[in-house]
Amino acid sequence: MIKLTIDGNEVEVEPGTTLLEAARALGTEIPHYCYHQDIGSDGNCRVCLVEVNGNTDKLAISCQQPCGEGMDVQTESESVVKARKGVMEFLLINHPLDCTICDQAGECPLQDYSYHYGSGDSRFVEDKRNKRKKVEFSDKVMFDAERCILCTRCTRYFETVRDSRPIGVENMGGQSTITLGPNGPIEDPYQLNIVDICPVGALTSRDFRFKQRVWFMDFADTVCPGCSKGCNITAGAYQGKLLRFVPRRNPDINKSWMCDDGRMSYENYNISERTRGALIAGEEASFEDAFAKIAELVGGGDGVAVLASTSNTCEELHALKAWAGKAGIAHLWHGSKSWESDDFLKESDATPNTKGAQMLGFEPVPTEAPALRGLVVAGEVEVPPALLANLDFLVLQSPVGGELAPAAMVMLPGLTRVEKQGTWVNSAGMAQVVKPALQPGSGVVDDWQLWRDLGGADGAEWSTLKALTRVCRAQLEGSAETPLVATES
Amino acid sequence: MKLSSVISARFGKPDSTALKGYREDGGYATWLQVLSEKRAPSSLIEEVKTSGLRGRGGAGFSTGMKWSFVPGDSPKPKYLCVNGDESEPGTFKDRQILEMDPHQLLEGVGIASYAIGAHIAYIYLRCEFKKGIETVEAAIREAYDAGLFGKNIQGSGYDLDVHLTMGAGAYICGEETSLLNSIEGVRPYPRNKPPFPAVEGLFACPTIVNNVETICNIPHIIKNGAAWHAGLGHSEDPGSRLWCVSGHVEKPGVYEIETGYKLQDLLDGPCGGMLGGRKLKAVIPGGSSSKVLLPEEVAKVTMDTPGIRAMGSSLGSAGIIVLDETTCMVDAVLNLMRFYAHESCGQCTPCREGTPWLVKILDRIERGEGREVDLELIEDLASNIEGRTVCALADGACWPLTSIVRKFRHEFVAKIPVSARKDVVSA
C-alpha cells in the first residue's frame, strides 16, 4: 500500500492507483473530461491537473499520474485553480454555448464545471471558429463538431471496448475534428454508448434529440428488461411516456454500456391501449366476479396449467405460485422469448427473469405437453399453439390482450416490464432490484397483489411488497445453484 | 573565432555521399573495430556519457545518460530511432548531413544500436527532405551491399537492420514520442511521460530516439575517446556543433564551431556581419522555440548551454535567427505564432485552443485593432499554456512570444490605437 496526502488528508491506496482515483476515494471529485472509468484516460483535456509536491511549473494530470509514497497533492491550490480556469476558458472560447438548444444541457460536465470554474465574462473578443454541424455518423448518432471538445472518449470507446475504429480524429490543431472513417456510417450495434460518454452535446442520439429537457424528466434506476443479461439502466420518462434508456454503471454486469437494441426497446413500453379492469367473456366485470369465475373454471386444478412470462418479477411469480398451489394446479411453466445474441452483452433470452422463474420452480413448457383442460397465462408470453388446442378455458392476465384476447374466458390486467417493481435474477444469478419507470394508471393492480387477492393469501408476508421481497429473496437463496448476488439499485 | 570540422569535415568534398569516399577517409573503421573487438556495450555507453555529449535536437539532454536508461535486462527487443524530422524554424543542419555525408550518420547508427542492444534502427526523415531521403536510401543500400549491416555483420554474430521511414509533413513528429507513434502508424500525438521511450517506446519496447547530428558525433567519440570530446569547447557542454544562422546577416548558413565562443563573434566573423551593415535588433538563438535576445545580450552571450541559460534563453537546435532593425517584431512573432497554431497537433486543450487564440489577438494588433490590455491577456494565456500540456512544444510556442512581448512591448503599443492604450483608457 502507498500512503500519500491529498489536500492535507492522508490516504492509503493500492500501488498503481491514480491520483484522480485516490482523490475520489476521499470524496474529492477532480474535474475530468478525457478520463472515463471504463475506457481510461488519454491525458489530453488537461482539466484534471493537480499540484504534486509544490511543483507549480509542471502540474500533473491526476487521471494518469500514479500515486507515489509520501506525495503531497493539492487539488485546489492557486496554481491548480488558475490552470483549471484556463482550460475551461480554452474549451469555451470556440464552443457555441448553445445550451439553450443543446440536448446535453442539464447533464453536461462542460456546463457543470463552467459554473465552478468559468467566468461570467469572456476575454475572447475574436470570431469563433466554425466547424461542421449536423454530421450524420449513422442513422442513430448525430455529431456537432463545434460542440466537441476533442476528449476522444468516443474514438477510444470503439478502440478499447469494441476493438474497432469507425471514427477518428482528422486535421490538426484547432481544426481537429472527429470524423467518420473510410467505411462510412457507424454500424456497431453498441454505438449509442458514445452518446452517453460524450461529456458535451457533440454526440447526440437521433432518437432522443430535441425530445425533452432532462430536468423535466422523471428517472428510475432500474434494470434493462430487454434480455437476461440484466444491464443496469436509468429509464427516463416524461408525463407517463418513456423517452429513453441509458446504461447505469455496474462493474460486475455491464460496466457503463448497453446494447442499442436494449436501449431502443423502451419504445415497446409506450402502449396506448391496454387492459383495464377485468373482463369475463369479453364483458366488463368486477375483480371479485372475475376471481369467482376463475375459481369455478379451475375447479380442483386437474388438467390446468399456469404459463408465466419470465418478465414477471420473482415476487409476482411467488404470488402466482402460491395461488396455483392452493388451487391444485400442478403444472407451473414459464414461457420463453429469444432474439439474436452477440458476443458482448446481448443474450439470446429476451426476457429478464428466466433464472428467477426457474429458481422458484417454474419449468419450461414440456415438448410433449399433457392434454389440458384449462390454461392460465400470466404476463406477456408467446403461447405455443399446441397448448391452446382443445382447451375448455383460457385465463389471460396481461397488459395487452393481443391475439389471444378473443379466446380468453377471463381477462385480467397486468403491468408492463417497465411498470414492475421487485426482483429479477439475471442469467448470472444476480438478483437485482427493479423499479417502476411508469405508472399503469387506473384499473390496473400490481400483478403480485392480483395473484395474492385471487388466492386470498393474507398474513404479514403478504402485507407489503417489501415484506414479500424478503420472503422471496430467502427462497431464492435456498434454491440457488450459483451464488446469488444481490445488486441494489 | 575558429571554424572546426568534425561533423562537417567531409561536407563539400566531391562525391562525399559515396561509401568509397567515406571509407577512404577512414569511415566505418570504428564500426568494424567495435564489432571485431566485440566491445562491451556498457563500455560504449560509458564512453559517450563521459564525453559530455548533449543531444543536438533541442532538449540538450546527456546522450550517454539517455542510453543508460535502457533496461539491460528487458527481454523485449530494443530500438534506435534517429530523429531527422528537422522542422524547427531556423534549423537546417541535419539536412546538410543527410545530403552531404550520410555514411557518417549510418556509422553512428551502427555503433549506437550496438551500444543499446538494438537490432533494428529506424531513420525517420521529414518527407520534404527529398534529396536527403534519396541520399540516405542509397547509402543504406551501399552499406548493406558492403556487409556493414544485416545479419551476422562481418561474422560478429551481431544483427542490425536499418530502415528508412518518412513523416508526412507535421512539425509535431519531431517530438520524440510523436515520432514513435508516427512510425507505428497511428496519429502522431505526443505520449504522456512517464514512461519514457528508453523504458517503453516504439511498440512499447525500450527505444532510444537521437537527433541526426547527435548520432553523427558517436563514431568520432568512440574513435577519439571521451576525453577528446570532453576537451572540445565549453567544459559543461563540450563538443563541436553545427550552428544554423539565418536572417539578416551577410552570409547565412551552417557553421561548425566548438561550443563556448561568443555569438557576436560568429555573427561578425564567419557570417560577415549584418546584412547591408544594418543594426541588429534581436536574435532568437535556439530555433524559433527559444526566448529572444536583445543586442546587448547577444554581445555577451556564449554559444553553450550554460552561457545561453544565463541569458534566460536556450540553445535548442542551434538555429540562430538574426533580425535586424527593419524587422517589425509584432509581424515576426505573429508569423511564428501562425506556425505554432498551424502545427499544434491538437491533442491538448491549452495548445489546441490557445495558440489560434494568440494568433487572432496578434493579428488584431498587427491590423491596428489591438488594445493594450491584449498584451496582459497574451501573457496570461501563455501562462495557461506553458507547462500545462503533454509535450514541450506548447512551451516552445510561448517562449518566443512572451519574451518578445516583454522586450519589445513598445513596438506592440505603437500598433495599438491611442484610444485603446492604457493611459488613455484609465484617464
# chains A, B, ... in the order shown; residues from 1 in each chain; ligands from 1
>>> interface_residues(of="chain B", to="chain A", cutoff="6 Å", atoms="only C-alpha atoms", output="ChimeraX atom specification")
/B:344-349,352-353,384,387
>>> residues_around(residues="range 456-471 of chain A", least_positions_apart="4", cutoff="7 Å", atoms="only C-alpha atoms", output="ChimeraX atom specification")
/A:315,422,452,475
>>> write_last_selection(atoms="C-alpha atoms", output="CSV table (one decimal), in the first residue's frame")
chain,number,residue,atom,x,y,z
A,315,GLU,CA,-42.4,-11.5,-6.2
A,422,GLY,CA,-39.5,-6.2,-7.3
A,452,ARG,CA,-52.4,-12.6,-3.8
A,475,GLN,CA,-36.4,-18.7,-1.2
>>> closest_residue(among="B:Asp324, B:Asp304, B:Glu88, B:Glu107", to="Thr30 in chain B", atoms="only C-alpha atoms")
B:Glu107
>>> residues_around(residues="Ser68 in chain B", least_positions_apart="6", cutoff="9 Å", atoms="only C-alpha atoms", output="mmCIF file with N, CA and C atoms, in the first residue's frame")
data_model
loop_
_atom_site.group_PDB
_atom_site.id
_atom_site.type_symbol
_atom_site.label_atom_id
_atom_site.label_comp_id
_atom_site.auth_asym_id
_atom_site.auth_seq_id
_atom_site.Cartn_x
_atom_site.Cartn_y
_atom_site.Cartn_z
ATOM 1 N N SER B 42 28.251 -1.745 -22.598
ATOM 2 C CA SER B 42 28.271 -0.826 -21.456
ATOM 3 C C SER B 42 29.475 0.110 -21.535
ATOM 4 N N ILE B 45 28.528 2.958 -23.813
ATOM 5 C CA ILE B 45 27.620 3.904 -23.148
ATOM 6 C C ILE B 45 28.419 4.794 -22.197
ATOM 7 N N GLU B 46 29.354 4.153 -21.486
ATOM 8 C CA GLU B 46 30.184 4.886 -20.524
ATOM 9 C C GLU B 46 31.019 5.950 -21.231
ATOM 10 N N LYS B 49 28.854 8.762 -22.213
ATOM 11 C CA LYS B 49 28.471 9.513 -21.019
ATOM 12 C C LYS B 49 29.587 10.457 -20.600
ATOM 13 N N ILE B 116 23.163 0.090 -27.361
ATOM 14 C CA ILE B 116 21.923 -0.057 -26.581
ATOM 15 C C ILE B 116 21.284 -1.431 -26.793
ATOM 16 N N ALA B 198 12.939 5.326 -23.418
ATOM 17 C CA ALA B 198 14.032 4.397 -23.113
ATOM 18 C C ALA B 198 13.506 3.163 -22.401
#
>>> residues_around(residues="Pro15 in chain A", least_positions_apart="2", cutoff="12 Å", atoms="only C-alpha atoms", output="list in words")
Met1, Ile2, Lys3, Leu4, Glu12, Val13, Thr17, Thr18, Leu19, Glu21, Ala22, Gln65, Pro66, Cys67, Gly68 and Glu69 of chain A
>>> write_last_selection(atoms="N, CA and C atoms", output="JSON list (two decimals), in the first residue's frame")
[["chain", "number", "residue", "atom", "x", "y", "z"],
["A", 1, "MET", "N", 0.83, -1.21, 0.00],
["A", 1, "MET", "CA", 0.00, 0.00, 0.00],
["A", 1, "MET", "C", 0.87, 1.26, 0.00],
["A", 2, "ILE", "N", 0.32, 2.28, -0.62],
["A", 2, "ILE", "CA", 1.04, 3.56, -0.74],
["A", 2, "ILE", "C", 0.30, 4.63, 0.06],
["A", 3, "LYS", "N", 1.08, 5.38, 0.83],
["A", 3, "LYS", "CA", 0.48, 6.44, 1.64],
["A", 3, "LYS", "C", 0.79, 7.79, 1.03],
["A", 4, "LEU", "N", -0.21, 8.62, 0.91],
["A", 4, "LEU", "CA", 0.03, 9.98, 0.41],
["A", 4, "LEU", "C", -0.99, 10.93, 1.02],
["A", 12, "GLU", "N", -4.53, 5.92, 1.92],
["A", 12, "GLU", "CA", -3.70, 4.77, 1.62],
["A", 12, "GLU", "C", -4.33, 4.04, 0.44],
["A", 13, "VAL", "N", -3.54, 3.79, -0.58],
["A", 13, "VAL", "CA", -4.11, 3.19, -1.79],
["A", 13, "VAL", "C", -3.22, 2.05, -2.31],
["A", 17, "THR", "N", -2.76, 2.99, -8.30],
["A", 17, "THR", "CA", -3.93, 3.87, -8.24],
["A", 17, "THR", "C", -3.54, 5.26, -8.72],
["A", 18, "THR", "N", -4.39, 5.87, -9.52],
["A", 18, "THR", "CA", -4.07, 7.23, -9.98],
["A", 18, "THR", "C", -4.51, 8.24, -8.92],
["A", 19, "LEU", "N", -3.98, 9.44, -9.05],
["A", 19, "LEU", "CA", -4.33, 10.49, -8.09],
["A", 19, "LEU", "C", -5.82, 10.79, -8.15],
["A", 21, "GLU", "N", -8.26, 8.74, -8.87],
["A", 21, "GLU", "CA", -8.99, 7.68, -8.17],
["A", 21, "GLU", "C", -8.82, 7.78, -6.66],
["A", 22, "ALA", "N", -7.60, 8.11, -6.25],
["A", 22, "ALA", "CA", -7.33, 8.24, -4.82],
["A", 22, "ALA", "C", -8.14, 9.40, -4.23],
["A", 65, "GLN", "N", -1.39, 10.17, -13.45],
["A", 65, "GLN", "CA", -0.27, 10.16, -12.50],
["A", 65, "GLN", "C", -0.52, 9.12, -11.41],
["A", 66, "PRO", "N", 0.33, 8.09, -11.32],
["A", 66, "PRO", "CA", 0.12, 7.12, -10.24],
["A", 66, "PRO", "C", 0.50, 7.73, -8.89],
["A", 67, "CYS", "N", -0.17, 7.28, -7.87],
["A", 67, "CYS", "CA", 0.15, 7.74, -6.51],
["A", 67, "CYS", "C", 1.56, 7.29, -6.15],
["A", 68, "GLY", "N", 2.28, 8.15, -5.48],
["A", 68, "GLY", "CA", 3.62, 7.80, -5.02],
["A", 68, "GLY", "C", 3.71, 7.96, -3.52],
["A", 69, "GLU", "N", 4.56, 7.18, -2.92],
["A", 69, "GLU", "CA", 4.71, 7.21, -1.47],
["A", 69, "GLU", "C", 5.07, 8.62, -1.00]]
>>> residues_around(residues="range 193-200 of chain A", least_positions_apart="3", cutoff="7 Å", atoms="only C-alpha atoms", output="PDB file with C-alpha atoms, in the first residue's frame")
ATOM      1  CA  TYR A  33     -13.253  15.046 -19.460  1.00  0.00           C
ATOM      2  CA  GLN A 104     -26.801  17.744 -23.208  1.00  0.00           C
ATOM      3  CA  CYS A 108     -23.307  18.327 -19.198  1.00  0.00           C
ATOM      4  CA  PRO A 109     -19.958  18.331 -17.375  1.00  0.00           C
ATOM      5  CA  LEU A 110     -18.855  21.280 -19.521  1.00  0.00           C
ATOM      6  CA  ARG A 147     -19.568  21.471 -29.560  1.00  0.00           C
ATOM      7  CA  CYS A 148     -16.858  18.803 -29.489  1.00  0.00           C
ATOM      8  CA  ARG A 153     -13.712   9.342 -25.449  1.00  0.00           C
ATOM      9  CA  CYS A 154     -15.781   8.230 -28.455  1.00  0.00           C
ATOM     10  CA  TYR A 190     -23.307  -0.736 -29.418  1.00  0.00           C
ATOM     11  CA  LEU A 203     -22.741  13.388 -29.985  1.00  0.00           C
ATOM     12  CA  THR A 204     -26.482  13.130 -29.696  1.00  0.00           C
ATOM     13  CA  SER A 205     -28.921  10.278 -30.118  1.00  0.00           C
ATOM     14  CA  TRP A 257     -22.559   0.058 -21.536  1.00  0.00           C
ATOM     15  CA  MET A 258     -25.697  -1.414 -23.035  1.00  0.00           C
TER      16      MET A 258
END
>>> closest_residue(among="A:Asp447, A:Asn232, A:Gly226, A:Arg213", to="Ser348 in chain A", atoms="only C-alpha atoms")
A:Gly226
>>> select_by_dssp(residues="range 248-332 of chain A", states="alpha helix (DSSP H)", output="PyMOL selection string")
chain A and resi 260-264+287-298+314-326
>>> write_last_selection(atoms="C-alpha atoms", output="PDB file, in the first residue's frame")
ATOM      1  CA  ASP A 260     -28.548  -0.394 -28.864  1.00  0.00           C
ATOM      2  CA  ASP A 261     -31.373  -2.933 -29.155  1.00  0.00           C
ATOM      3  CA  GLY A 262     -31.920  -2.960 -25.414  1.00  0.00           C
ATOM      4  CA  ARG A 263     -31.661   0.803 -25.315  1.00  0.00           C
ATOM      5  CA  MET A 264     -34.229   1.271 -28.047  1.00  0.00           C
ATOM      6  CA  PHE A 287     -62.397  -8.342  -9.889  1.00  0.00           C
ATOM      7  CA  GLU A 288     -64.495 -10.290  -7.374  1.00  0.00           C
ATOM      8  CA  ASP A 289     -66.623 -11.765 -10.143  1.00  0.00           C
ATOM      9  CA  ALA A 290     -63.575 -12.473 -12.250  1.00  0.00           C
ATOM     10  CA  PHE A 291     -61.862 -14.236  -9.334  1.00  0.00           C
ATOM     11  CA  ALA A 292     -65.003 -16.272  -8.665  1.00  0.00           C
ATOM     12  CA  LYS A 293     -65.189 -17.216 -12.317  1.00  0.00           C
ATOM     13  CA  ILE A 294     -61.561 -18.320 -12.336  1.00  0.00           C
ATOM     14  CA  ALA A 295     -62.109 -20.424  -9.201  1.00  0.00           C
ATOM     15  CA  GLU A 296     -65.106 -22.034 -10.860  1.00  0.00           C
ATOM     16  CA  LEU A 297     -63.212 -22.752 -14.086  1.00  0.00           C
ATOM     17  CA  VAL A 298     -60.083 -24.118 -12.386  1.00  0.00           C
ATOM     18  CA  CYS A 314     -39.825 -13.084  -8.529  1.00  0.00           C
ATOM     19  CA  GLU A 315     -42.405 -11.550  -6.202  1.00  0.00           C
ATOM     20  CA  GLU A 316     -45.105 -11.876  -8.847  1.00  0.00           C
ATOM     21  CA  LEU A 317     -44.113 -15.432  -9.625  1.00  0.00           C
ATOM     22  CA  HIS A 318     -44.065 -16.265  -5.934  1.00  0.00           C
ATOM     23  CA  ALA A 319     -47.612 -14.959  -5.512  1.00  0.00           C
ATOM     24  CA  LEU A 320     -48.731 -16.732  -8.664  1.00  0.00           C
ATOM     25  CA  LYS A 321     -47.223 -19.953  -7.442  1.00  0.00           C
ATOM     26  CA  ALA A 322     -48.887 -19.606  -4.038  1.00  0.00           C
ATOM     27  CA  TRP A 323     -52.282 -19.244  -5.681  1.00  0.00           C
ATOM     28  CA  ALA A 324     -51.659 -22.130  -8.098  1.00  0.00           C
ATOM     29  CA  GLY A 325     -50.665 -24.371  -5.223  1.00  0.00           C
ATOM     30  CA  LYS A 326     -53.830 -23.519  -3.374  1.00  0.00           C
TER      31      LYS A 326
END
>>> residues_around(residues="Ala378 in chain A", least_positions_apart="3", cutoff="7 Å", atoms="only C-alpha atoms", output="PyMOL selection string")
chain A and resi 307-309+396-398
>>> write_last_selection(atoms="N, CA and C atoms", output="PDB file, in the first residue's frame")
ATOM      1  N   LEU A 307     -48.960 -20.764 -17.291  1.00  0.00           N
ATOM      2  CA  LEU A 307     -47.828 -20.400 -18.156  1.00  0.00           C
ATOM      3  C   LEU A 307     -47.472 -18.956 -17.854  1.00  0.00           C
ATOM      4  N   ALA A 308     -46.300 -18.788 -17.222  1.00  0.00           N
ATOM      5  CA  ALA A 308     -45.924 -17.449 -16.772  1.00  0.00           C
ATOM      6  C   ALA A 308     -44.842 -16.863 -17.659  1.00  0.00           C
ATOM      7  N   SER A 309     -44.944 -15.585 -17.895  1.00  0.00           N
ATOM      8  CA  SER A 309     -43.892 -14.882 -18.615  1.00  0.00           C
ATOM      9  C   SER A 309     -42.684 -14.737 -17.694  1.00  0.00           C
ATOM     10  N   LEU A 396     -56.405 -15.088 -19.179  1.00  0.00           N
ATOM     11  CA  LEU A 396     -55.305 -14.303 -19.720  1.00  0.00           C
ATOM     12  C   LEU A 396     -55.074 -13.071 -18.866  1.00  0.00           C
ATOM     13  N   GLN A 397     -53.863 -13.014 -18.261  1.00  0.00           N
ATOM     14  CA  GLN A 397     -53.508 -11.831 -17.475  1.00  0.00           C
ATOM     15  C   GLN A 397     -52.355 -11.162 -18.187  1.00  0.00           C
ATOM     16  N   SER A 398     -52.614  -9.933 -18.664  1.00  0.00           N
ATOM     17  CA  SER A 398     -51.589  -9.275 -19.491  1.00  0.00           C
ATOM     18  C   SER A 398     -51.947  -7.806 -19.660  1.00  0.00           C
TER      19      SER A 398
END
>>> select_by_dssp(residues="range 204-380 of chain A", states="strand (DSSP E)", output="VMD selection string")
chain A and resid 204 to 205 218 to 223 232 to 238 241 to 247 278 to 280 283 to 285 304 to 308 331 to 334 363 to 364 374 to 378
>>> residues_around(residues="Val425 in chain A", least_positions_apart="5", cutoff="8 Å", atoms="only C-alpha atoms", output="ChimeraX atom specification")
/A:230,314,352-356,430-432
>>> write_last_selection(atoms="C-alpha atoms", output="compact mmCIF listing (two decimals), in the first residue's frame")
# COMPACT_ATOMS: atom_id res chain seq x y z
CA GLY A 230 -29.67 -7.56 -16.65
CA CYS A 314 -39.83 -13.08 -8.53
CA PRO A 352 -35.16 -10.59 -17.85
CA ASN A 353 -36.10 -13.18 -15.23
CA THR A 354 -35.89 -16.73 -16.61
CA LYS A 355 -33.34 -17.61 -13.97
CA GLY A 356 -35.61 -16.31 -11.22
CA MET A 430 -27.61 -11.93 -9.66
CA ALA A 431 -30.82 -10.74 -8.04
CA GLN A 432 -31.45 -7.13 -8.95
>>> atom_distance(atom1="CA of Ala394 in chain B", atom2="CA of Ile320 in chain B")
19.9 Å
>>> atom_distance(atom1="CA of Asp161 in chain B", atom2="CA of Pro41 in chain B")
17.7 Å
>>> atom_distance(atom1="CA of Thr222 in chain A", atom2="CA of Val246 in chain A")
10.2 Å
>>> decode(residues="range 108-191 of chain B", atoms="C-alpha atoms", output="CSV table (one decimal), in the first residue's frame")
chain,number,residue,atom,x,y,z
B,108,GLY,CA,26.8,6.3,-35.8
B,109,VAL,CA,23.6,4.3,-36.2
B,110,GLY,CA,25.6,1.1,-36.1
B,111,ILE,CA,27.6,2.0,-33.0
B,112,ALA,CA,24.6,3.4,-31.2
B,113,SER,CA,22.4,0.4,-31.9
B,114,TYR,CA,25.1,-1.9,-30.8
B,115,ALA,CA,25.6,0.1,-27.6
B,116,ILE,CA,21.9,-0.1,-26.6
B,117,GLY,CA,21.4,-3.6,-27.8
B,118,ALA,CA,19.1,-2.7,-30.7
B,119,HIS,CA,18.9,-4.9,-33.8
B,120,ILE,CA,16.5,-2.7,-35.6
B,121,ALA,CA,17.1,1.0,-36.2
B,122,TYR,CA,14.8,3.4,-37.9
B,123,ILE,CA,15.9,6.6,-39.6
B,124,TYR,CA,12.9,9.0,-39.6
B,125,LEU,CA,13.2,11.8,-42.1
B,126,ARG,CA,10.8,14.6,-42.9
B,127,CYS,CA,9.2,13.9,-46.2
B,128,GLU,CA,10.2,17.3,-47.6
B,129,PHE,CA,13.9,16.2,-47.5
B,130,LYS,CA,13.6,14.7,-50.9
B,131,LYS,CA,17.3,14.8,-51.7
B,132,GLY,CA,18.3,13.7,-48.2
B,133,ILE,CA,15.9,10.8,-48.4
B,134,GLU,CA,17.4,9.7,-51.7
B,135,THR,CA,20.9,10.1,-50.4
B,136,VAL,CA,20.4,8.2,-47.2
B,137,GLU,CA,18.4,5.5,-49.0
B,138,ALA,CA,21.3,5.0,-51.5
B,139,ALA,CA,23.8,5.0,-48.6
B,140,ILE,CA,21.9,2.3,-46.7
B,141,ARG,CA,21.8,0.1,-49.8
B,142,GLU,CA,25.5,0.6,-50.3
B,143,ALA,CA,26.2,-0.2,-46.6
B,144,TYR,CA,24.1,-3.4,-46.8
B,145,ASP,CA,25.9,-4.4,-50.0
B,146,ALA,CA,29.2,-3.9,-48.3
B,147,GLY,CA,28.2,-6.2,-45.4
B,148,LEU,CA,28.1,-3.3,-42.9
B,149,PHE,CA,24.5,-4.0,-41.9
B,150,GLY,CA,22.3,-7.1,-42.0
B,151,LYS,CA,22.6,-10.4,-40.3
B,152,ASN,CA,25.7,-11.5,-38.5
B,153,ILE,CA,27.7,-8.4,-39.6
B,154,GLN,CA,31.2,-9.3,-40.6
B,155,GLY,CA,30.9,-12.6,-38.8
B,156,SER,CA,30.5,-10.8,-35.5
B,157,GLY,CA,27.2,-12.5,-34.6
B,158,TYR,CA,25.5,-9.1,-34.3
B,159,ASP,CA,22.5,-8.4,-36.5
B,160,LEU,CA,21.3,-4.9,-37.4
B,161,ASP,CA,18.7,-3.8,-39.8
B,162,VAL,CA,18.3,-0.2,-40.7
B,163,HIS,CA,15.0,1.1,-42.0
B,164,LEU,CA,14.3,4.4,-43.5
B,165,THR,CA,10.9,5.9,-42.7
B,166,MET,CA,9.3,9.2,-43.6
B,167,GLY,CA,7.0,11.6,-41.9
B,168,ALA,CA,4.1,13.3,-43.7
B,169,GLY,CA,4.8,16.9,-43.0
B,170,ALA,CA,3.8,17.5,-39.4
B,171,TYR,CA,6.1,19.5,-37.1
B,172,ILE,CA,4.9,17.5,-34.1
B,173,CYS,CA,6.6,14.4,-35.4
B,174,GLY,CA,9.9,15.9,-34.3
B,175,GLU,CA,8.7,15.4,-30.7
B,176,GLU,CA,10.2,12.0,-29.9
B,177,THR,CA,7.1,10.2,-28.8
B,178,SER,CA,5.1,11.6,-31.7
B,179,LEU,CA,7.8,10.3,-33.9
B,180,LEU,CA,7.3,6.8,-32.4
B,181,ASN,CA,3.6,7.0,-32.9
B,182,SER,CA,4.2,8.1,-36.5
B,183,ILE,CA,6.5,5.1,-37.1
B,184,GLU,CA,3.8,2.8,-35.5
B,185,GLY,CA,1.3,4.2,-38.0
B,186,VAL,CA,-1.0,5.8,-35.5
B,187,ARG,CA,-1.9,9.5,-35.2
B,188,PRO,CA,1.3,11.2,-34.0
B,189,TYR,CA,0.1,12.7,-30.8
B,190,PRO,CA,2.9,13.0,-28.2
B,191,ARG,CA,2.7,10.5,-25.4
